[in-house]
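To keep things clear, I will list the structure first and then write my remarks on it.
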Amino acid sequence: MVEVERILMEINRDIYSYSFDEYERDVKSLGKTLSTIKNIHLIAVYRGSIPLVVHLSNILSCYMSIIRIHDESNKNVTPFCSFSSKDIRQGEHLVVVDDVYDTGRTMQSIQRMLEVEYENHTISYYSLFGRKND
């Protein structure tokens, strides 16, 4: 716990600040938005959005899966996704939720993969916070 506290103390709060109250408000808002989707199946992006998606799946009482982006840290290698979920059923509306939207590369990689593998599903993409995007 001391290590976590040390790391938290090193965060420059003048540049970045996101309180639990803000998180709670955002989760309630996103939960309300997603509650209108029928047959929802949430997809977390490995690491960052797993806690968020677990929270949302409990609020919405729905299934969830996890997708992972592999980036070889080589400029010449295209990132690729690994995703295996036998739990996705026909007719489910897939909702990919990421915690932070920055460059868009993660979502683009996920979109390319899901649009091929799940072309017969409706797919939506959400991010908790980040840069404005189309």
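Ordered as shown in the structure tokens, chains take letters A, B, and onward, while each chain numbers its residues from 1 and ligands are numbered from 1 in the order shown.
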
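Omitting Leu94 in chain A and its sequence neighbours fewer than 3 positions away, and counting only C-alpha atoms, the residues within 7 Å are A:Ile40, A:His41, A:Leu42, A:Ile43, A:His121, A:Thr122, A:Ile123, A:Ser124.
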
For the residues in the current selection, export C-alpha atoms as a tab-separated table (two decimals), in the first residue's frame.
```tsv
chain	number	residue	atom	x	y	z
A	40	ILE	CA	-25.93	-5.72	-24.57
A	41	HIS	CA	-22.58	-7.50	-24.27
A	42	LEU	CA	-19.79	-5.28	-22.90
A	43	ILE	CA	-16.20	-5.62	-24.08
A	121	HIS	CA	-23.62	-7.78	-34.83
A	122	THR	CA	-24.31	-4.17	-33.97
A	123	ILE	CA	-21.16	-2.70	-32.42
A	124	SER	CA	-20.78	0.56	-30.49
```

Using only C-alpha atoms, which protein or nucleic acid residues come within 12 Å of Asn58 in chain A? Drop anything in the same chain fewer than 5 positions from it, and give the result as a VMD selection string. chain A and resid 27 to 28 31 35 41 to 42 51 to 53 63 to 64

Kindly give the distance, in Å, that separates CA of Arg105 in chain A and CA of Ser65 in chain A, rounded to a single decimal. 20.0 Å

Separation of CA of Ser109 in chain A and CA of Tyr46 in chain A, in Å?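 Straight-line distance from CA of Ser109 in chain A to CA of Tyr46 in chain A works out to 13.2 Å.
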
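Nearest-residue note for Ser61 in chain A: choosing from A:Val45, A:Leu34, A:Ile110, A:Leu128, the minimum distance belongs to A:Leu34, counting only C-alpha atoms.
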